[in-house]
$ cat entry_17.csv   # CSV, C-alpha atoms and all ligand atoms
chain,number,residue,atom,x,y,z
A,155,ASP,CA,137.5,18.6,35.5
A,156,LYS,CA,140.4,18.9,33.1
A,157,GLY,CA,140.1,15.3,32.0
A,158,GLY,CA,143.8,14.6,32.3
A,159,PHE,CA,144.8,17.7,30.4
A,160,LYS,CA,147.1,20.4,31.9
A,161,HIS,CA,144.6,23.2,31.1
A,162,PHE,CA,140.9,23.5,30.2
A,163,MET,CA,142.0,25.2,26.9
A,164,ALA,CA,143.9,22.0,25.9
A,165,LYS,CA,141.0,19.9,26.8
A,166,GLU,CA,138.6,22.1,24.9
A,167,ILE,CA,140.8,22.1,21.8
A,168,ALA,CA,140.9,18.3,21.9
A,169,GLU,CA,137.2,18.0,22.3
A,170,GLN,CA,136.5,19.7,19.0
A,171,PRO,CA,136.0,16.6,16.8
A,172,THR,CA,133.4,15.3,19.3
A,173,VAL,CA,131.4,18.5,19.8
A,174,ILE,CA,131.5,19.4,16.1
A,175,ALA,CA,130.2,15.9,15.2
A,176,GLU,CA,127.3,16.6,17.6
A,177,ALA,CA,126.6,20.0,16.1
A,178,ILE,CA,126.7,18.6,12.6
A,179,ARG,CA,124.4,15.7,13.5
A,180,SER,CA,121.8,18.0,15.0
A,181,TYR,CA,121.5,20.2,11.9
A,182,LEU,CA,122.3,17.7,9.2
A,183,PRO,CA,120.2,14.5,10.0
A,184,THR,CA,121.7,11.2,8.9
A,185,GLY,CA,120.7,10.2,5.4
A,186,SER,CA,119.8,13.7,4.3
A,187,ASP,CA,121.8,16.6,2.7
A,188,LYS,CA,119.1,19.1,3.8
A,189,VAL,CA,120.0,21.3,6.7
A,190,GLN,CA,117.2,21.3,9.3
A,191,LEU,CA,116.7,24.2,11.7
A,192,PRO,CA,114.8,23.9,15.0
A,193,GLY,CA,111.3,25.5,15.4
A,194,GLU,CA,110.0,27.5,12.6
A,195,GLY,CA,113.4,27.8,11.1
A,196,VAL,CA,114.2,30.6,8.5
A,197,ASP,CA,113.2,30.9,4.9
A,198,PHE,CA,116.2,32.7,3.2
A,199,ALA,CA,114.1,33.1,0.0
A,200,SER,CA,112.2,35.9,1.9
A,201,VAL,CA,115.3,37.7,3.1
A,202,ASP,CA,117.4,40.2,1.0
A,203,ARG,CA,120.2,41.0,3.4
A,204,LEU,CA,121.9,39.6,6.5
A,205,THR,CA,123.4,41.8,9.3
A,206,MET,CA,125.7,39.9,11.6
A,207,VAL,CA,126.8,41.4,15.0
A,208,ALA,CA,129.1,40.0,17.7
A,209,CYS,CA,132.3,40.7,19.7
A,210,GLY,CA,135.8,39.2,19.8
A,211,THR,CA,136.1,35.7,18.5
A,212,ALA,CA,132.4,35.5,17.8
A,213,TYR,CA,132.9,38.5,15.5
A,214,TYR,CA,135.6,36.6,13.6
A,215,ALA,CA,133.2,33.7,13.2
A,216,CYS,CA,130.7,36.2,11.6
A,217,LEU,CA,133.4,37.6,9.3
A,218,THR,CA,134.2,34.1,8.1
A,219,ALA,CA,130.4,33.4,7.6
A,220,LYS,CA,130.2,36.5,5.4
A,221,TYR,CA,132.3,34.7,2.8
A,222,TRP,CA,130.1,31.7,3.0
A,223,PHE,CA,126.7,33.5,2.8
A,224,GLU,CA,127.9,35.7,-0.1
A,225,GLN,CA,129.7,33.0,-2.1
A,226,LEU,CA,127.4,30.0,-1.5
A,227,ALA,CA,124.0,31.8,-1.2
A,228,ARG,CA,124.7,35.1,-3.0
A,229,LEU,CA,123.2,36.9,0.0
A,230,PRO,CA,124.6,40.4,0.8
A,231,VAL,CA,126.1,40.4,4.3
A,232,GLU,CA,127.2,43.1,6.7
A,233,VAL,CA,129.2,42.3,9.7
A,234,ASP,CA,129.6,44.6,12.7
A,235,ILE,CA,131.3,44.8,16.1
A,236,ALA,CA,128.5,45.1,18.6
A,237,SER,CA,129.9,48.1,20.4
A,238,GLU,CA,130.1,50.0,17.1
A,239,PHE,CA,126.8,48.8,15.7
A,240,ARG,CA,124.7,49.8,18.8
A,241,TYR,CA,125.9,53.4,18.9
A,242,ARG,CA,126.0,54.0,15.2
A,243,GLU,CA,122.3,53.1,15.0
A,244,PRO,CA,122.5,51.9,11.4
A,245,PRO,CA,119.4,51.9,9.3
A,246,ILE,CA,117.9,48.4,8.9
A,247,PRO,CA,116.3,48.0,5.5
A,248,ALA,CA,113.2,45.8,5.1
A,249,ARG,CA,113.7,42.1,4.6
A,250,THR,CA,116.9,42.1,6.8
A,251,LEU,CA,117.7,39.1,8.9
A,252,ALA,CA,119.7,40.1,12.0
A,253,LEU,CA,122.0,37.4,13.3
A,254,PHE,CA,123.8,37.6,16.7
A,255,VAL,CA,126.6,35.2,17.6
A,256,SER,CA,127.7,34.8,21.2
A,257,GLN,CA,129.2,31.9,23.2
A,258,SER,CA,127.9,33.1,26.5
A,259,GLY,CA,124.7,34.7,25.2
A,260,GLU,CA,125.3,37.4,27.9
A,261,THR,CA,127.7,39.9,26.2
A,262,ALA,CA,126.3,43.3,27.0
A,263,ASP,CA,127.1,45.0,23.7
A,264,THR,CA,125.7,42.1,21.6
A,265,LEU,CA,122.5,42.1,23.7
A,266,ALA,CA,122.1,45.8,23.3
A,267,ALA,CA,122.6,45.5,19.5
A,268,LEU,CA,120.0,42.8,19.4
A,269,ARG,CA,117.5,45.0,21.3
A,270,TYR,CA,118.2,47.8,18.8
A,271,CYS,CA,117.1,45.5,16.0
A,272,ARG,CA,113.9,44.5,17.7
A,273,ASP,CA,110.9,45.9,15.7
A,274,LYS,CA,113.3,46.8,12.8
A,275,ALA,CA,114.6,43.5,11.5
A,276,GLU,CA,112.5,40.9,9.7
A,277,ARG,CA,113.7,38.2,12.1
A,278,ILE,CA,116.2,38.0,15.0
A,279,VAL,CA,118.2,34.9,15.0
A,280,SER,CA,121.0,34.0,17.5
A,281,VAL,CA,123.8,31.4,17.4
A,282,VAL,CA,124.6,30.7,21.0
A,283,ASN,CA,126.2,28.1,23.3
A,284,VAL,CA,124.1,28.8,26.3
A,285,PRO,CA,120.4,28.2,25.4
A,286,GLU,CA,119.1,29.7,28.6
A,287,SER,CA,121.0,33.0,28.0
A,288,SER,CA,119.5,36.5,27.6
A,289,ILE,CA,120.5,36.7,23.9
A,290,ALA,CA,118.9,33.3,23.3
A,291,ARG,CA,115.7,34.3,25.1
A,292,GLU,CA,115.3,37.5,23.3
A,293,SER,CA,115.7,36.1,19.8
A,294,ASP,CA,112.9,34.9,17.5
A,295,LEU,CA,115.0,31.8,16.7
A,296,MET,CA,117.9,30.4,18.7
A,297,LEU,CA,120.4,28.1,17.1
A,298,PRO,CA,122.5,26.2,19.7
A,299,ILE,CA,126.1,25.3,18.8
A,300,HIS,CA,126.4,22.3,21.0
A,301,ALA,CA,129.9,23.0,22.2
A,302,GLY,CA,129.2,22.1,25.8
A,303,VAL,CA,130.6,24.2,28.7
A,304,GLU,CA,133.7,26.3,27.7
A,305,VAL,CA,135.8,27.2,30.7
A,306,GLY,CA,139.0,28.6,29.1
A,307,VAL,CA,138.8,32.4,28.7
A,308,ALA,CA,140.2,31.9,25.2
A,309,SER,CA,137.4,30.7,23.1
A,310,THR,CA,138.3,27.5,21.1
A,311,LYS,CA,135.6,24.9,20.6
A,312,ALA,CA,132.9,27.5,20.7
A,313,PHE,CA,134.5,29.2,17.7
A,314,THR,CA,134.7,26.1,15.6
A,315,CYS,CA,131.2,25.1,16.6
A,316,GLN,CA,129.9,28.6,15.7
A,317,LEU,CA,131.7,28.2,12.3
A,318,SER,CA,130.1,24.8,11.7
A,319,VAL,CA,126.6,26.0,12.5
A,320,LEU,CA,127.1,29.2,10.4
A,321,LEU,CA,128.3,27.1,7.4
A,322,MET,CA,125.3,24.9,7.7
A,323,LEU,CA,123.1,28.0,7.9
A,324,ALA,CA,124.7,29.3,4.7
A,325,LEU,CA,124.0,25.9,3.0
A,326,LYS,CA,120.4,26.2,4.1
A,327,ALA,CA,120.4,29.7,2.5
A,328,ALA,CA,121.9,28.4,-0.7
A,329,CYS,CA,119.3,25.7,-0.8
A,330,ASP,CA,116.4,28.2,-0.2
A,331,ARG,CA,117.7,30.6,-2.8
A,332,GLY,CA,118.7,27.9,-5.3
A,333,THR,CA,122.2,29.1,-5.7
A,334,LEU,CA,124.0,25.8,-5.5
A,335,THR,CA,123.4,22.6,-7.4
A,336,SER,CA,122.3,19.5,-5.5
A,337,ASP,CA,125.7,18.0,-6.2
A,338,GLN,CA,127.5,21.0,-4.6
A,339,ILE,CA,125.2,20.7,-1.6
A,340,ALA,CA,125.9,17.0,-1.3
A,341,ASP,CA,129.6,17.7,-1.5
A,342,HIS,CA,129.4,20.1,1.4
A,343,ALA,CA,127.3,17.7,3.4
A,344,ALA,CA,129.8,14.9,2.9
A,345,ALA,CA,132.7,17.1,3.7
A,346,LEU,CA,131.0,18.3,6.9
A,347,ARG,CA,130.4,14.7,8.0
A,348,GLY,CA,134.0,13.9,7.4
A,349,LEU,CA,135.2,16.9,9.3
A,350,PRO,CA,135.6,15.3,12.8
A,351,SER,CA,138.1,12.8,11.4
A,352,THR,CA,139.9,15.5,9.5
A,353,LEU,CA,140.1,17.6,12.7
A,354,ASN,CA,141.6,14.6,14.5
A,355,ALA,CA,144.3,14.4,11.8
A,356,ALA,CA,145.0,18.2,12.5
A,357,LEU,CA,145.2,17.5,16.2
A,358,ASP,CA,147.8,14.8,15.5
A,359,GLN,CA,150.2,17.6,14.4
A,360,ASN,CA,150.4,18.7,18.1
A,361,ASP,CA,154.1,17.9,18.5
A,362,THR,CA,155.1,19.8,15.4
A,363,ILE,CA,153.0,22.7,16.5
A,364,ARG,CA,154.6,22.6,19.9
A,365,SER,CA,158.1,22.9,18.4
A,366,ALA,CA,156.9,25.7,16.1
A,367,ALA,CA,155.5,27.5,19.2
A,368,GLN,CA,158.8,27.2,21.0
A,369,LYS,CA,160.3,29.4,18.3
A,370,LEU,CA,157.3,31.9,18.3
A,371,SER,CA,157.6,32.3,22.1
A,372,GLU,CA,160.9,34.3,21.6
A,373,ALA,CA,159.2,36.9,19.4
A,374,ARG,CA,158.1,40.3,20.5
A,375,ASP,CA,155.7,40.8,17.6
A,376,VAL,CA,154.0,38.3,15.2
A,377,LEU,CA,152.1,39.0,12.0
A,378,PHE,CA,149.4,36.7,10.7
A,379,LEU,CA,148.5,36.7,7.0
A,380,GLY,CA,145.6,35.1,5.1
A,381,ARG,CA,143.4,35.7,2.0
A,382,GLY,CA,139.7,34.9,1.5
A,383,LEU,CA,138.4,32.6,4.2
A,384,MET,CA,141.9,32.6,5.8
A,385,PHE,CA,141.8,36.3,6.5
A,386,PRO,CA,139.3,36.2,9.4
A,387,LEU,CA,141.1,33.2,10.7
A,388,ALA,CA,144.4,35.1,10.7
A,389,LEU,CA,142.6,37.7,12.8
A,390,GLU,CA,141.5,35.0,15.2
A,391,GLY,CA,145.0,33.5,15.3
A,392,ALA,CA,146.4,36.9,16.3
A,393,LEU,CA,143.7,37.4,18.9
A,394,LYS,CA,144.4,34.0,20.5
A,395,LEU,CA,148.1,34.6,20.6
A,396,LYS,CA,147.7,38.1,22.2
A,397,GLU,CA,145.2,36.9,24.7
A,398,ILE,CA,147.1,34.1,26.3
A,399,SER,CA,150.8,34.6,25.5
A,400,TYR,CA,150.8,38.5,25.7
A,401,ILE,CA,152.8,38.6,22.5
A,402,HIS,CA,151.8,41.5,20.3
A,403,ALA,CA,150.2,40.0,17.2
A,404,GLU,CA,148.4,41.6,14.2
A,405,ALA,CA,146.6,40.1,11.3
A,406,TYR,CA,146.3,41.5,7.8
A,407,ALA,CA,144.7,40.3,4.6
A,408,SER,CA,147.7,39.2,2.5
A,409,GLY,CA,146.9,41.7,-0.2
A,410,GLU,CA,147.2,44.6,2.3
A,411,LEU,CA,150.9,43.7,3.1
A,412,LYS,CA,152.3,46.2,0.6
A,413,HIS,CA,150.0,48.9,1.8
A,414,GLY,CA,151.8,49.4,5.0
A,415,PRO,CA,152.6,46.4,7.3
A,416,ILE,CA,155.5,45.3,5.0
A,417,ALA,CA,157.5,48.2,6.6
A,418,LEU,CA,157.6,46.1,9.8
A,419,ILE,CA,159.3,43.1,8.3
A,420,ASP,CA,162.9,42.3,9.4
A,421,GLN,CA,164.8,39.3,10.8
A,422,GLN,CA,163.0,39.6,14.1
A,423,MET,CA,159.5,39.3,12.7
A,424,PRO,CA,157.8,35.9,12.5
A,425,VAL,CA,154.9,35.9,9.9
A,426,VAL,CA,152.4,33.1,10.2
A,427,VAL,CA,150.9,32.5,6.7
A,428,MET,CA,147.7,30.4,6.6
A,429,ALA,CA,147.3,29.1,3.0
A,430,PRO,CA,145.6,25.9,2.0
A,431,ARG,CA,146.3,25.0,-1.7
A,432,ASP,CA,143.2,26.7,-2.9
A,433,ALA,CA,142.3,29.2,-5.7
A,434,LEU,CA,144.1,32.0,-3.9
A,435,PHE,CA,147.2,30.1,-3.0
A,436,ASP,CA,149.6,31.5,-5.6
A,437,LYS,CA,148.7,35.1,-4.6
A,438,THR,CA,149.4,34.4,-0.9
A,439,VAL,CA,152.6,32.7,-1.8
A,440,SER,CA,153.8,35.8,-3.7
A,441,ASN,CA,153.0,37.9,-0.6
A,442,MET,CA,155.0,35.4,1.5
A,443,GLN,CA,157.9,35.7,-0.9
A,444,GLU,CA,157.9,39.5,-0.4
A,445,VAL,CA,158.2,38.8,3.4
A,446,MET,CA,161.1,36.4,2.9
A,447,ALA,CA,162.9,38.8,0.5
A,448,ARG,CA,163.0,41.2,3.5
A,449,LYS,CA,164.3,38.5,5.8
A,450,GLY,CA,161.0,38.0,7.6
A,451,LYS,CA,160.6,34.5,9.2
A,452,VAL,CA,157.7,32.7,7.5
A,453,MET,CA,155.7,30.0,9.3
A,454,LEU,CA,153.7,28.4,6.6
A,455,ILE,CA,150.5,26.4,7.5
A,456,SER,CA,149.3,24.5,4.4
A,457,ASP,CA,148.4,21.1,3.1
A,458,SER,CA,150.9,18.6,1.5
A,459,LYS,CA,150.4,20.0,-2.0
A,460,GLY,CA,150.8,23.6,-0.8
A,461,LEU,CA,154.0,22.8,1.2
A,462,ALA,CA,155.5,20.8,-1.7
A,463,GLU,CA,155.1,23.9,-3.9
A,464,ALA,CA,156.1,26.6,-1.6
A,465,ARG,CA,158.3,25.4,1.3
A,466,ASP,CA,161.6,26.7,-0.1
A,467,GLY,CA,163.2,29.2,2.2
A,468,VAL,CA,160.4,29.0,4.8
A,469,TRP,CA,161.4,29.2,8.5
A,470,SER,CA,158.9,26.7,9.8
A,471,THR,CA,156.0,24.6,8.3
A,472,ILE,CA,152.9,23.0,9.7
A,473,GLN,CA,151.1,20.5,7.6
A,474,MET,CA,147.3,20.2,7.6
A,475,PRO,CA,145.2,17.5,6.0
A,476,HIS,CA,143.4,18.3,2.7
A,477,VAL,CA,139.8,19.4,3.2
A,478,HIS,CA,136.9,20.8,1.1
A,479,PRO,CA,137.8,24.5,0.4
A,480,SER,CA,134.7,25.8,2.3
A,481,LEU,CA,135.8,24.0,5.4
A,482,THR,CA,139.3,25.3,5.7
A,483,PRO,CA,138.6,27.9,8.4
A,484,ILE,CA,137.3,25.2,10.7
A,485,LEU,CA,140.3,23.0,10.2
A,486,TYR,CA,142.9,25.7,10.2
A,487,ALA,CA,141.5,27.0,13.5
A,488,VAL,CA,143.2,24.0,15.2
A,489,PRO,CA,146.8,25.0,14.4
A,490,ALA,CA,146.0,28.7,15.2
A,491,GLN,CA,144.7,27.6,18.7
A,492,LEU,CA,147.5,25.1,19.4
A,493,LEU,CA,150.2,27.7,18.3
A,494,ALA,CA,148.8,30.2,20.8
A,495,TYR,CA,148.4,27.5,23.5
A,496,HIS,CA,151.9,26.1,23.3
A,497,THR,CA,153.4,29.6,23.0
A,498,ALA,CA,151.7,30.6,26.2
A,499,VAL,CA,152.8,27.4,27.9
A,500,ALA,CA,156.4,28.0,26.8
A,501,LYS,CA,156.1,31.6,28.3
A,502,GLY,CA,154.6,30.3,31.5
A,503,THR,CA,151.5,32.5,31.4
A,504,ASP,CA,148.1,31.7,33.0
A,505,VAL,CA,146.5,30.0,30.0
A,506,ASP,CA,143.0,29.5,31.3
A,507,GLN,CA,142.7,32.7,33.1
A,508,PRO,CA,144.8,35.3,31.3
A,509,ARG,CA,145.4,38.7,33.0
A,510,ASN,CA,142.7,41.4,32.7
A,511,LEU,CA,140.2,39.2,30.8
A,512,ALA,CA,136.8,37.8,31.8
A,513,LYS,CA,135.0,34.8,30.2
A,514,SER,CA,131.8,36.7,29.9
A,515,VAL,CA,131.8,40.5,29.3
A,516,THR,CA,128.4,41.5,30.8
A,517,VAL,CA,129.4,45.2,31.3
A,518,GLU,CA,130.4,47.7,28.6
A,601,LIG,O1,130.3,35.2,24.9
A,601,LIG,P1,130.6,35.9,23.6
A,601,LIG,O2,130.9,34.9,22.5
A,601,LIG,O3,129.6,36.9,23.3
A,601,LIG,O4,132.0,36.6,23.9
A,601,LIG,C1,132.6,37.4,22.9
A,601,LIG,C2,134.0,37.8,23.3
A,601,LIG,O5,134.1,38.4,24.5
A,601,LIG,C3,134.9,36.5,23.3
A,601,LIG,O6,134.9,35.8,22.1
A,601,LIG,C4,136.4,36.9,23.6
A,601,LIG,O7,136.9,37.7,22.5
A,601,LIG,C5,137.2,35.7,23.8
A,601,LIG,N1,138.1,35.9,25.0
A,601,LIG,C6,138.1,35.2,22.7
A,601,LIG,O8,138.9,34.2,23.0

$ encode --input "entry_17.csv" --output "structure tokens"
Amino acid sequence: DKGGFKHFMAKEIAEQPTVIAEAIRSYLPTGSDKVQLPGEGVDFASVDRLTMVACGTAYYACLTAKYWFEQLARLPVEVDIASEFRYREPPIPARTLALFVSQSGETADTLAALRYCRDKAERIVSVVNVPESSIARESDLMLPIHAGVEVGVASTKAFTCQLSVLLMLALKAACDRGTLTSDQIADHAAALRGLPSTLNAALDQNDTIRSAAQKLSEARDVLFLGRGLMFPLALEGALKLKEISYIHAEAYASGELKHGPIALIDQQMPVVVMAPRDALFDKTVSNMQEVMARKGKVMLISDSKGLAEARDGVWSTIQMPHVHPSLTPILYAVPAQLLAYHTAVAKGTDVDQPRNLAKSVTVE
């Protein structure tokens, strides 16, 4: 049932405030700033290292979480694509927590990577949407993301629920390892509780994003740029656009621009820049100016402060509400998803069932 929407993907994008509220409630009980895990939980004070493994969008959720675990909990993190990890057979040092992220819980490469870690890692934890899945069953601890059934082949609400659960897990790690003050933890908890209404404000930008997508739909190639937490999100934005609109899209860390991709920039090249007004904003803006100096068409996604400072000469803008800096990837996922969605609709592709793709990749 598409619930009045034209596509499952549109419905699932719109459901995000509700399902994320549910995910947050289940890990952050009302009246407390302490993240609670099911079962025996995890004590991050007894872990020295985190290895995260996944495929596709779930891999980008892991890349995002690396920034959180490292910055908030000072925990060293490695992130790997499951199909690489399993055949590289990496050494797993003592006191390593192995974390697998999968919407379906049935992805063959992720399951094989998990089996490789059995008897090597200290603990095997999975972040899944399907609690009865193979990956869930074979983990020591399973953390559900509470996204509900996701039908669209392009993952949307599962991605933001994965991010929400991973951020709460990083906060738990920060708490266990004593790396954040109680005020910092309380700020994060308050920001998480406010997230559903902030996401609604982002969804309210739907019409602006539809017009921006109209322009994107004429492009042959699109670049996505971001720094820090916006880099993995740029990768996810490019993947979404490729998957459902079939437009060739690539993402780079903004700082990599002058190491090669800037050679691609000309009047034909839209460049989507994701840049909340954070500590790295000025650096991203200077990369954006390098694009505009070469006549590239910049689509800037930022908050009111960022747009006020940097909108001059920009081709297109999308305004996001202001949010706590740690939460920007969850919020900015919404315009990334809606851009891909409306571009695909404008091109007339099969949004929910794109060519050559399956919802669950249970074979190699
Ligand atoms: O079920 P999983 O999360 O393990 O699936 C991983 C990828 O196959 C999946 O995220 C894929 O990249 C999606 N089509 C992305 O939209």

$ closest_residue --input "entry_17.csv" --among "A:Arg509, A:Lys459, A:Lys394, A:His342" --to "Leu481 of chain A" --atoms "all atoms listed in the file"
A:His342

$ residues_around --input "entry_17.csv" --residues "Ser200 of chain A" --least-positions-apart "2" --cutoff "10 Å" --atoms "all atoms listed in the file" --output "list in words"
Val196, Asp197, Phe198, Asp202, Arg203, Arg249, Thr250, Leu251, Glu276, Asp330 and Arg331 of chain A

$ closest_residue --input "entry_17.csv" --among "A:Gly467, A:Pro508, A:Gly259, A:Gly391" --to "ligand LIG 601 (chain A)" --atoms "all atoms listed in the file"
A:Gly259

$ residues_near_ligand --input "entry_17.csv" --ligand "ligand LIG 601 (chain A)" --cutoff "8 Å" --atoms "all atoms listed in the file" --output "PyMOL selection string"
chain A and resi 208-213+255-261+264+282+307-310+312-313+393-394+397+511-515

$ residues_around --input "entry_17.csv" --residues "segment 363-368 of chain A" --least-positions-apart "5" --cutoff "9 Å" --atoms "all atoms listed in the file" --output "list of chain:residue names"
A:Met453, A:Ser470, A:Thr471, A:Ile472, A:Pro489, A:Leu492, A:Leu493, A:Ala494, A:Tyr495, A:His496, A:Thr497, A:Ala498, A:Ala500, A:Lys501

$ write_last_selection --input "entry_17.csv" --atoms "C-alpha atoms" --output "CSV table (one decimal), in the coordinates of the input"
chain,number,residue,atom,x,y,z
A,453,MET,CA,155.7,30.0,9.3
A,470,SER,CA,158.9,26.7,9.8
A,471,THR,CA,156.0,24.6,8.3
A,472,ILE,CA,152.9,23.0,9.7
A,489,PRO,CA,146.8,25.0,14.4
A,492,LEU,CA,147.5,25.1,19.4
A,493,LEU,CA,150.2,27.7,18.3
A,494,ALA,CA,148.8,30.2,20.8
A,495,TYR,CA,148.4,27.5,23.5
A,496,HIS,CA,151.9,26.1,23.3
A,497,THR,CA,153.4,29.6,23.0
A,498,ALA,CA,151.7,30.6,26.2
A,500,ALA,CA,156.4,28.0,26.8
A,501,LYS,CA,156.1,31.6,28.3

$ closest_residue --input "entry_17.csv" --among "A:Asp341, A:Val207, A:Ala215, A:Leu323" --to "Tyr270 of chain A" --atoms "only C-alpha atoms"
A:Val207

$ residues_around --input "entry_17.csv" --residues "segment 402-410 of chain A" --least-positions-apart "4" --cutoff "7 Å" --atoms "all atoms listed in the file" --output "short mmCIF file (atom, residue, chain, number, x, y, z; two decimals) with C-alpha atoms, keeping the file's coordinate frame"
data_model
loop_
_atom_site.label_atom_id
_atom_site.label_comp_id
_atom_site.auth_asym_id
_atom_site.auth_seq_id
_atom_site.Cartn_x
_atom_site.Cartn_y
_atom_site.Cartn_z
CA ARG A 374 158.10 40.30 20.50
CA ASP A 375 155.70 40.80 17.60
CA VAL A 376 154.00 38.30 15.20
CA LEU A 377 152.10 39.00 12.00
CA PHE A 378 149.40 36.70 10.70
CA LEU A 379 148.50 36.70 7.00
CA GLY A 380 145.60 35.10 5.10
CA ARG A 381 143.40 35.70 2.00
CA PHE A 385 141.80 36.30 6.50
CA ALA A 388 144.40 35.10 10.70
CA LEU A 389 142.60 37.70 12.80
CA ALA A 392 146.40 36.90 16.30
CA LEU A 395 148.10 34.60 20.60
CA LYS A 396 147.70 38.10 22.20
CA THR A 438 149.40 34.40 -0.90
CA ASN A 441 153.00 37.90 -0.60
#

$ atom_distance --input "entry_17.csv" --atom1 "atom CA of Pro386 of chain A" --atom2 "atom CA of Leu418 of chain A"
20.8 Å

$ residues_around --input "entry_17.csv" --residues "Ala175 of chain A" --least-positions-apart "4" --cutoff "8 Å" --atoms "only C-alpha atoms" --output "PyMOL selection string"
chain A and resi 171+179+347+349-350

$ write_last_selection --input "entry_17.csv" --atoms "C-alpha atoms" --output "tab-separated table (two decimals), keeping the file's coordinate frame"
chain	number	residue	atom	x	y	z
A	171	PRO	CA	136.00	16.60	16.80
A	179	ARG	CA	124.40	15.70	13.50
A	347	ARG	CA	130.40	14.70	8.00
A	349	LEU	CA	135.20	16.90	9.30
A	350	PRO	CA	135.60	15.30	12.80

$ atom_distance --input "entry_17.csv" --atom1 "atom CA of Ile416 of chain A" --atom2 "atom CA of Glu444 of chain A"
8.3 Å

$ atom_distance --input "entry_17.csv" --atom1 "atom CA of Ala487 of chain A" --atom2 "atom CA of Leu265 of chain A"
26.3 Å

$ closest_residue --input "entry_17.csv" --among "A:Val426, A:Glu176, A:Cys216, A:Glu286" --to "Ala301 of chain A" --atoms "all atoms listed in the file"
A:Glu176

$ closest_residue --input "entry_17.csv" --among "A:Ser456, A:Ser293, A:Ser318, A:Thr172" --to "Val189 of chain A" --atoms "all atoms listed in the file"
A:Ser318

$ residues_around --input "entry_17.csv" --residues "Ala290 of chain A" --least-positions-apart "4" --cutoff "9 Å" --atoms "only C-alpha atoms" --output "CSV table (one decimal) with C-alpha atoms, in the frame of the given file"
chain,number,residue,atom,x,y,z
A,259,GLY,CA,124.7,34.7,25.2
A,260,GLU,CA,125.3,37.4,27.9
A,279,VAL,CA,118.2,34.9,15.0
A,280,SER,CA,121.0,34.0,17.5
A,281,VAL,CA,123.8,31.4,17.4
A,282,VAL,CA,124.6,30.7,21.0
A,283,ASN,CA,126.2,28.1,23.3
A,284,VAL,CA,124.1,28.8,26.3
A,285,PRO,CA,120.4,28.2,25.4
A,286,GLU,CA,119.1,29.7,28.6
A,294,ASP,CA,112.9,34.9,17.5
A,295,LEU,CA,115.0,31.8,16.7
A,296,MET,CA,117.9,30.4,18.7
A,297,LEU,CA,120.4,28.1,17.1
A,298,PRO,CA,122.5,26.2,19.7

$ closest_residue --input "entry_17.csv" --among "A:Ala429, A:Met446, A:Leu357, A:Ala262" --to "Glu169 of chain A" --atoms "only C-alpha atoms"
A:Leu357

$ closest_atom_pairs --input "entry_17.csv" --of "segment 324-356 of chain A" --to "segment 225-239 of chain A" --cutoff "12 Å" --atoms "only C-alpha atoms" --output "Markdown table"
| residue | atom | partner | partner_atom | distance |
| --- | --- | --- | --- | --- |
| A:Ala324 | CA | A:Ala227 | CA | 6.4 |
| A:Leu325 | CA | A:Leu226 | CA | 7.0 |
| A:Lys326 | CA | A:Ala227 | CA | 8.5 |
| A:Ala327 | CA | A:Ala227 | CA | 5.6 |
| A:Ala328 | CA | A:Ala227 | CA | 4.0 |
| A:Cys329 | CA | A:Ala227 | CA | 7.7 |
| A:Asp330 | CA | A:Ala227 | CA | 8.5 |
| A:Arg331 | CA | A:Ala227 | CA | 6.6 |
| A:Gly332 | CA | A:Ala227 | CA | 7.8 |
| A:Thr333 | CA | A:Ala227 | CA | 5.5 |
| A:Leu334 | CA | A:Leu226 | CA | 6.7 |
| A:Thr335 | CA | A:Leu226 | CA | 10.3 |
| A:Gln338 | CA | A:Leu226 | CA | 9.5 |
| A:Ile339 | CA | A:Leu226 | CA | 9.6 |
| A:His342 | CA | A:Leu226 | CA | 10.5 |
